Amino acid sequence: MRERRWAPEGPLDVGLALQPHRRGGGDPAWRRTADGAVWRTSRAPTGPCTLRVSVAGGEVLGQAWGPGAEWALETLPALLGAEDDRSGFSVRHEVLADVVRRHPGLRIGRTGRVMEALVPAVLEQKVVGQEAWRAWRWLLHRYGEPAPGPAPEGMRVIPEPAVWRQIPSWHWHRAGAEAVRARTIATAAWHAAKLEAAGTTQELDRLLRALPGVGVWTSAEVRQRAFGDPDAVSVGDFHLAKLVGYALTGEKTDDPGMLRLLEPYEGHRHRATVLVWLSGLRPPARGPRMPVRDFRAF
């Protein structure tokens with residue numbers, strides 16, 4: 001076991017920084033324990049690792065196990081948003097100013113690991129969260145490695161790219177992912193080395209969107225997490241435009257309308273949408289929700 005203590009400059013909400021990497025309540029790669037600590041697994045460049053993050057006395061304590069433990073501790077500040085540059089960000093709406101006052105420790109972190117963000121993002125394409133998270137759990141339990149160290153029971157590490165390329169069609173079916181999403185993930189796995197080597201969020205966007213099955217929404221979801229891109233807007237999200245419109249104007253809008261509303265936040269448009277989510281403002285529900293399908297029964 002390796003250990004690192006880090007004192008962040010200014011307020012930091014560790015839970016908010018790590019929450020975007022959680023894929024549902026039963027995520028095998030993310031867990032919060034009764035003592036308040038957050039556990040997270042990763043496949044570092046040097047191998048699998050388990051990271052435990054806790055806070056005491058104004059300091060962050062990181063504990064890590066596995067071949068990738070040293071890397072996990074080296075990158076811990078970046079994961080928690082130490083590199084988040086908020087210069088140029090100015091709140092233009094009072095509702096968001098209130099969120100900033102209530103959450104001064106909000107930071108956008110970066111994992112530096114593309115496939116860890118890409119696979120679940122592809123699974124979430126055009127389906128409800130529960131359906132995607134069910135597939136993520138099944139695939140990690142079937143193909144992931146046990147988490148190194150004394151991790152909570154059931155935690156797993158995401159498989160290597162070569163494993164994603166070899167998953168048979170019937171196992172994708174059992175997971176609940178149809179052929180289109182399966183092909184997208186397998187194709188991305190063939191290009192994993194190039195994707196992981198991208199030096200900027202712009203370069204990663206270009207590489208991702210060159211892959212069949214990866215569009216604007218998926219690229220943004222990946223770059224938000226892997227690069228901590230504060231401007232990567234999830235255009236095409238089923239809920240986001242409606243939430244942004246309602247929070248900022250009192251009326252729901254579409255993607256073009258959302259982008260117009262976010263123009264004053266150029267460079268920090270994703271940050272603005274995070275503040276919208278944290279505002280808790282939601283338009284009145286009308287009509288049926290998207291159903292949770294079970295592709296395994298098809």
# chains A, B, ... in the order shown; residues from 1 in each chain; ligands from 1
$ closest_atom_pairs --of "segment 55-156 of chain A" --to "segment 15-30 of chain A" --cutoff "8 Å" --atoms "only C-alpha atoms" --output "Markdown table"
| residue | atom | partner | partner_atom | distance |
| --- | --- | --- | --- | --- |
| A:Leu79 | CA | A:Ala17 | CA | 7.5 |
| A:Leu80 | CA | A:Ala17 | CA | 5.4 |
| A:Gly81 | CA | A:Ala17 | CA | 6.8 |
| A:Leu106 | CA | A:Leu16 | CA | 6.3 |
| A:Arg107 | CA | A:Ala17 | CA | 5.8 |
| A:Ile108 | CA | A:Ala17 | CA | 6.0 |
| A:Gly109 | CA | A:Ala17 | CA | 5.9 |
| A:Ala117 | CA | A:His21 | CA | 7.8 |
| A:Pro120 | CA | A:Arg23 | CA | 7.6 |
| A:Gly129 | CA | A:Gly24 | CA | 7.5 |
| A:Gln130 | CA | A:Gly24 | CA | 7.3 |
| A:Trp133 | CA | A:Gly24 | CA | 5.8 |
| A:Trp136 | CA | A:Asp27 | CA | 7.6 |
| A:Arg137 | CA | A:Asp27 | CA | 6.2 |
| A:Leu140 | CA | A:Pro28 | CA | 6.9 |
| A:His141 | CA | A:Pro28 | CA | 7.5 |
| A:Gly154 | CA | A:Pro28 | CA | 6.3 |
| A:Met155 | CA | A:Pro28 | CA | 4.4 |
| A:Arg156 | CA | A:Pro28 | CA | 5.3 |
$ write_last_selection --atoms "N, CA and C atoms" --output "mmCIF file, in the first residue's frame"
data_model
loop_
_atom_site.group_PDB
_atom_site.id
_atom_site.type_symbol
_atom_site.label_atom_id
_atom_site.label_comp_id
_atom_site.auth_asym_id
_atom_site.auth_seq_id
_atom_site.Cartn_x
_atom_site.Cartn_y
_atom_site.Cartn_z
ATOM 1 N N LEU A 79 -6.986 14.514 -10.434
ATOM 2 C CA LEU A 79 -8.275 13.842 -10.351
ATOM 3 C C LEU A 79 -9.271 14.672 -9.558
ATOM 4 N N LEU A 80 -8.795 15.379 -8.550
ATOM 5 C CA LEU A 80 -9.662 16.165 -7.679
ATOM 6 C C LEU A 80 -9.778 17.623 -8.115
ATOM 7 N N GLY A 81 -9.216 17.964 -9.277
ATOM 8 C CA GLY A 81 -9.431 19.302 -9.829
ATOM 9 C C GLY A 81 -8.360 20.319 -9.547
ATOM 10 N N LEU A 106 -16.579 23.243 -5.637
ATOM 11 C CA LEU A 106 -16.765 22.542 -6.905
ATOM 12 C C LEU A 106 -15.534 22.688 -7.792
ATOM 13 N N ARG A 107 -14.993 21.568 -8.223
ATOM 14 C CA ARG A 107 -13.880 21.565 -9.176
ATOM 15 C C ARG A 107 -14.102 20.452 -10.199
ATOM 16 N N ILE A 108 -13.598 20.672 -11.404
ATOM 17 C CA ILE A 108 -13.697 19.675 -12.458
ATOM 18 C C ILE A 108 -12.343 18.974 -12.554
ATOM 19 N N GLY A 109 -12.335 17.697 -12.206
ATOM 20 C CA GLY A 109 -11.089 16.939 -12.229
ATOM 21 C C GLY A 109 -10.879 16.210 -13.541
ATOM 22 N N ALA A 117 -13.594 6.291 -19.516
ATOM 23 C CA ALA A 117 -14.723 7.187 -19.727
ATOM 24 C C ALA A 117 -15.506 6.821 -20.979
ATOM 25 N N PRO A 120 -18.257 3.339 -20.743
ATOM 26 C CA PRO A 120 -19.580 3.598 -20.172
ATOM 27 C C PRO A 120 -20.357 4.672 -20.916
ATOM 28 N N GLY A 129 -30.300 5.628 -17.978
ATOM 29 C CA GLY A 129 -29.132 5.290 -17.193
ATOM 30 C C GLY A 129 -29.158 3.889 -16.617
ATOM 31 N N GLN A 130 -30.297 3.452 -16.115
ATOM 32 C CA GLN A 130 -30.363 2.134 -15.488
ATOM 33 C C GLN A 130 -29.999 1.028 -16.461
ATOM 34 N N TRP A 133 -26.148 1.244 -16.998
ATOM 35 C CA TRP A 133 -25.383 0.858 -15.813
ATOM 36 C C TRP A 133 -25.475 -0.637 -15.567
ATOM 37 N N TRP A 136 -22.880 -2.098 -17.836
ATOM 38 C CA TRP A 136 -21.551 -1.803 -17.290
ATOM 39 C C TRP A 136 -21.211 -2.760 -16.151
ATOM 40 N N ARG A 137 -22.157 -2.983 -15.244
ATOM 41 C CA ARG A 137 -21.916 -3.896 -14.127
ATOM 42 C C ARG A 137 -21.659 -5.313 -14.631
ATOM 43 N N LEU A 140 -18.158 -5.619 -16.334
ATOM 44 C CA LEU A 140 -17.030 -5.550 -15.410
ATOM 45 C C LEU A 140 -16.956 -6.788 -14.533
ATOM 46 N N HIS A 141 -18.098 -7.307 -14.099
ATOM 47 C CA HIS A 141 -18.059 -8.515 -13.283
ATOM 48 C C HIS A 141 -17.597 -9.732 -14.098
ATOM 49 N N GLY A 154 -16.630 -6.927 -4.277
ATOM 50 C CA GLY A 154 -17.265 -6.791 -5.578
ATOM 51 C C GLY A 154 -16.666 -5.740 -6.486
ATOM 52 N N MET A 155 -15.679 -4.991 -6.026
ATOM 53 C CA MET A 155 -15.094 -3.962 -6.887
ATOM 54 C C MET A 155 -14.217 -4.614 -7.955
ATOM 55 N N ARG A 156 -14.246 -4.026 -9.153
ATOM 56 C CA ARG A 156 -13.515 -4.574 -10.287
ATOM 57 C C ARG A 156 -12.774 -3.465 -11.016
#
$ select_by_dssp --residues "segment 142-218 of chain A" --states "alpha helix (DSSP H)" --output "count of residues only"
44
$ select_by_dssp --residues "segment 121-159 of chain A" --states "strand (DSSP E or B)" --output "list in words"
Glu145, Pro146, Arg156 and Val157 of chain A
$ atom_distance --atom1 "atom CA of Arg86 of chain A" --atom2 "atom CA of Thr41 of chain A"
27.7 Å
$ residues_around --residues "Arg2 of chain A" --least-positions-apart "3" --cutoff "12 Å" --atoms "only C-alpha atoms" --output "NGL selection string"
:A and (5 or 49-52 or 61-74 or 149)
$ write_last_selection --atoms "N, CA, C and O atoms" --output "tab-separated table (two decimals), in the first residue's frame"
chain	number	residue	atom	x	y	z
A	5	ARG	N	-0.53	12.40	1.29
A	5	ARG	CA	-1.36	13.46	1.83
A	5	ARG	C	-1.20	14.71	0.97
A	5	ARG	O	-0.09	15.04	0.58
A	49	CYS	N	-5.16	-0.57	-10.41
A	49	CYS	CA	-4.95	-0.01	-9.08
A	49	CYS	C	-6.29	0.28	-8.44
A	49	CYS	O	-7.32	0.42	-9.10
A	50	THR	N	-6.26	0.35	-7.13
A	50	THR	CA	-7.40	0.78	-6.32
A	50	THR	C	-6.97	2.01	-5.54
A	50	THR	O	-5.90	2.04	-4.95
A	51	LEU	N	-7.83	3.03	-5.55
A	51	LEU	CA	-7.53	4.28	-4.84
A	51	LEU	C	-8.63	4.54	-3.82
A	51	LEU	O	-9.82	4.49	-4.14
A	52	ARG	N	-8.22	4.82	-2.59
A	52	ARG	CA	-9.15	5.23	-1.54
A	52	ARG	C	-8.87	6.68	-1.20
A	52	ARG	O	-7.73	7.06	-0.92
A	61	LEU	N	-6.34	12.48	2.03
A	61	LEU	CA	-5.49	11.31	2.19
A	61	LEU	C	-5.81	10.34	1.06
A	61	LEU	O	-6.95	9.89	0.92
A	62	GLY	N	-4.81	10.03	0.26
A	62	GLY	CA	-4.95	9.03	-0.79
A	62	GLY	C	-4.18	7.79	-0.43
A	62	GLY	O	-3.00	7.86	-0.04
A	63	GLN	N	-4.83	6.63	-0.52
A	63	GLN	CA	-4.19	5.35	-0.29
A	63	GLN	C	-4.43	4.49	-1.53
A	63	GLN	O	-5.55	4.45	-2.06
A	64	ALA	N	-3.39	3.83	-2.01
A	64	ALA	CA	-3.51	3.10	-3.28
A	64	ALA	C	-2.81	1.76	-3.20
A	64	ALA	O	-1.82	1.58	-2.49
A	65	TRP	N	-3.36	0.80	-3.96
A	65	TRP	CA	-2.85	-0.55	-4.02
A	65	TRP	C	-2.75	-0.99	-5.48
A	65	TRP	O	-3.48	-0.49	-6.35
A	66	GLY	N	-1.86	-1.93	-5.75
A	66	GLY	CA	-1.74	-2.50	-7.08
A	66	GLY	C	-0.58	-1.93	-7.87
A	66	GLY	O	0.08	-0.96	-7.44
A	67	PRO	N	-0.29	-2.49	-9.06
A	67	PRO	CA	0.83	-2.03	-9.88
A	67	PRO	C	0.72	-0.56	-10.27
A	67	PRO	O	1.74	0.11	-10.51
A	68	GLY	N	-0.51	-0.03	-10.35
A	68	GLY	CA	-0.69	1.37	-10.72
A	68	GLY	C	-0.81	2.31	-9.55
A	68	GLY	O	-1.21	3.48	-9.72
A	69	ALA	N	-0.46	1.87	-8.34
A	69	ALA	CA	-0.66	2.67	-7.14
A	69	ALA	C	0.12	3.98	-7.17
A	69	ALA	O	-0.41	5.04	-6.82
A	70	GLU	N	1.38	3.92	-7.58
A	70	GLU	CA	2.20	5.13	-7.61
A	70	GLU	C	1.60	6.16	-8.56
A	70	GLU	O	1.52	7.36	-8.25
A	71	TRP	N	1.18	5.70	-9.74
A	71	TRP	CA	0.54	6.60	-10.72
A	71	TRP	C	-0.73	7.21	-10.13
A	71	TRP	O	-1.00	8.40	-10.30
A	72	ALA	N	-1.53	6.40	-9.43
A	72	ALA	CA	-2.78	6.89	-8.86
A	72	ALA	C	-2.54	8.03	-7.88
A	72	ALA	O	-3.29	9.01	-7.85
A	73	LEU	N	-1.48	7.91	-7.08
A	73	LEU	CA	-1.19	8.96	-6.11
A	73	LEU	C	-0.56	10.18	-6.77
A	73	LEU	O	-0.81	11.32	-6.36
A	74	GLU	N	0.24	9.97	-7.80
A	74	GLU	CA	0.82	11.09	-8.53
A	74	GLU	C	-0.25	11.96	-9.17
A	74	GLU	O	-0.15	13.18	-9.22
A	149	GLY	N	-5.82	-4.85	-3.40
A	149	GLY	CA	-5.88	-4.35	-2.05
A	149	GLY	C	-7.18	-4.68	-1.33
A	149	GLY	O	-8.00	-5.47	-1.80
$ closest_residue --among "A:Arg223, A:Pro256, A:Gly250, A:Thr200" --to "Val235 of chain A" --atoms "only C-alpha atoms"
A:Pro256
$ residues_around --residues "Gly144 of chain A" --least-positions-apart "5" --cutoff "7 Å" --atoms "only C-alpha atoms" --output "list in words"
Arg156, Val157, Ile158 and Pro159 of chain A
$ write_last_selection --atoms "C-alpha atoms" --output "CSV table (one decimal), in the first residue's frame"
chain,number,residue,atom,x,y,z
A,156,ARG,CA,-13.5,-4.6,-10.3
A,157,VAL,CA,-11.0,-3.0,-12.6
A,158,ILE,CA,-11.9,-2.2,-16.2
A,159,PRO,CA,-10.5,-4.7,-18.7
$ atom_distance --atom1 "atom CA of Ala189 of chain A" --atom2 "atom CA of Pro161 of chain A"
4.8 Å
$ closest_residue --among "A:Thr46, A:Trp170, A:Ser87, A:Gln224" --to "Glu266 of chain A" --atoms "only C-alpha atoms"
A:Ser87
$ atom_distance --atom1 "atom CA of Gly105 of chain A" --atom2 "atom CA of Gly10 of chain A"
7.7 Å
$ decode --residues "segment 33-61 of chain A" --atoms "C-alpha atoms" --output "PDB file, in the first residue's frame"
ATOM      1  CA  THR A  33     -18.175   3.466   2.261  1.00  0.00           C
ATOM      2  CA  ALA A  34     -19.877   4.233   5.559  1.00  0.00           C
ATOM      3  CA  ASP A  35     -16.833   6.166   6.790  1.00  0.00           C
ATOM      4  CA  GLY A  36     -17.241   8.689   3.949  1.00  0.00           C
ATOM      5  CA  ALA A  37     -14.262   7.491   1.941  1.00  0.00           C
ATOM      6  CA  VAL A  38     -14.542   7.088  -1.834  1.00  0.00           C
ATOM      7  CA  TRP A  39     -12.956   4.042  -3.448  1.00  0.00           C
ATOM      8  CA  ARG A  40     -12.200   4.016  -7.157  1.00  0.00           C
ATOM      9  CA  THR A  41     -10.455   1.521  -9.429  1.00  0.00           C
ATOM     10  CA  SER A  42      -8.485   2.398 -12.538  1.00  0.00           C
ATOM     11  CA  ARG A  43      -6.260   0.852 -15.157  1.00  0.00           C
ATOM     12  CA  ALA A  44      -3.180   3.043 -14.961  1.00  0.00           C
ATOM     13  CA  PRO A  45      -0.464   3.018 -17.632  1.00  0.00           C
ATOM     14  CA  THR A  46       1.474   0.838 -15.200  1.00  0.00           C
ATOM     15  CA  GLY A  47      -1.363  -1.555 -14.384  1.00  0.00           C
ATOM     16  CA  PRO A  48      -4.547  -1.906 -12.332  1.00  0.00           C
ATOM     17  CA  CYS A  49      -4.949  -0.010  -9.084  1.00  0.00           C
ATOM     18  CA  THR A  50      -7.396   0.778  -6.322  1.00  0.00           C
ATOM     19  CA  LEU A  51      -7.532   4.280  -4.838  1.00  0.00           C
ATOM     20  CA  ARG A  52      -9.151   5.230  -1.537  1.00  0.00           C
ATOM     21  CA  VAL A  53      -9.758   8.955  -0.980  1.00  0.00           C
ATOM     22  CA  SER A  54     -10.704  10.473   2.366  1.00  0.00           C
ATOM     23  CA  VAL A  55     -10.514  13.909   3.993  1.00  0.00           C
ATOM     24  CA  ALA A  56      -9.329  14.780   7.488  1.00  0.00           C
ATOM     25  CA  GLY A  57      -8.150  18.029   9.005  1.00  0.00           C
ATOM     26  CA  GLY A  58      -8.276  19.920   5.727  1.00  0.00           C
ATOM     27  CA  GLU A  59      -6.012  17.380   4.023  1.00  0.00           C
ATOM     28  CA  VAL A  60      -6.815  14.765   1.412  1.00  0.00           C
ATOM     29  CA  LEU A  61      -5.491  11.309   2.187  1.00  0.00           C
TER      30      LEU A  61
END
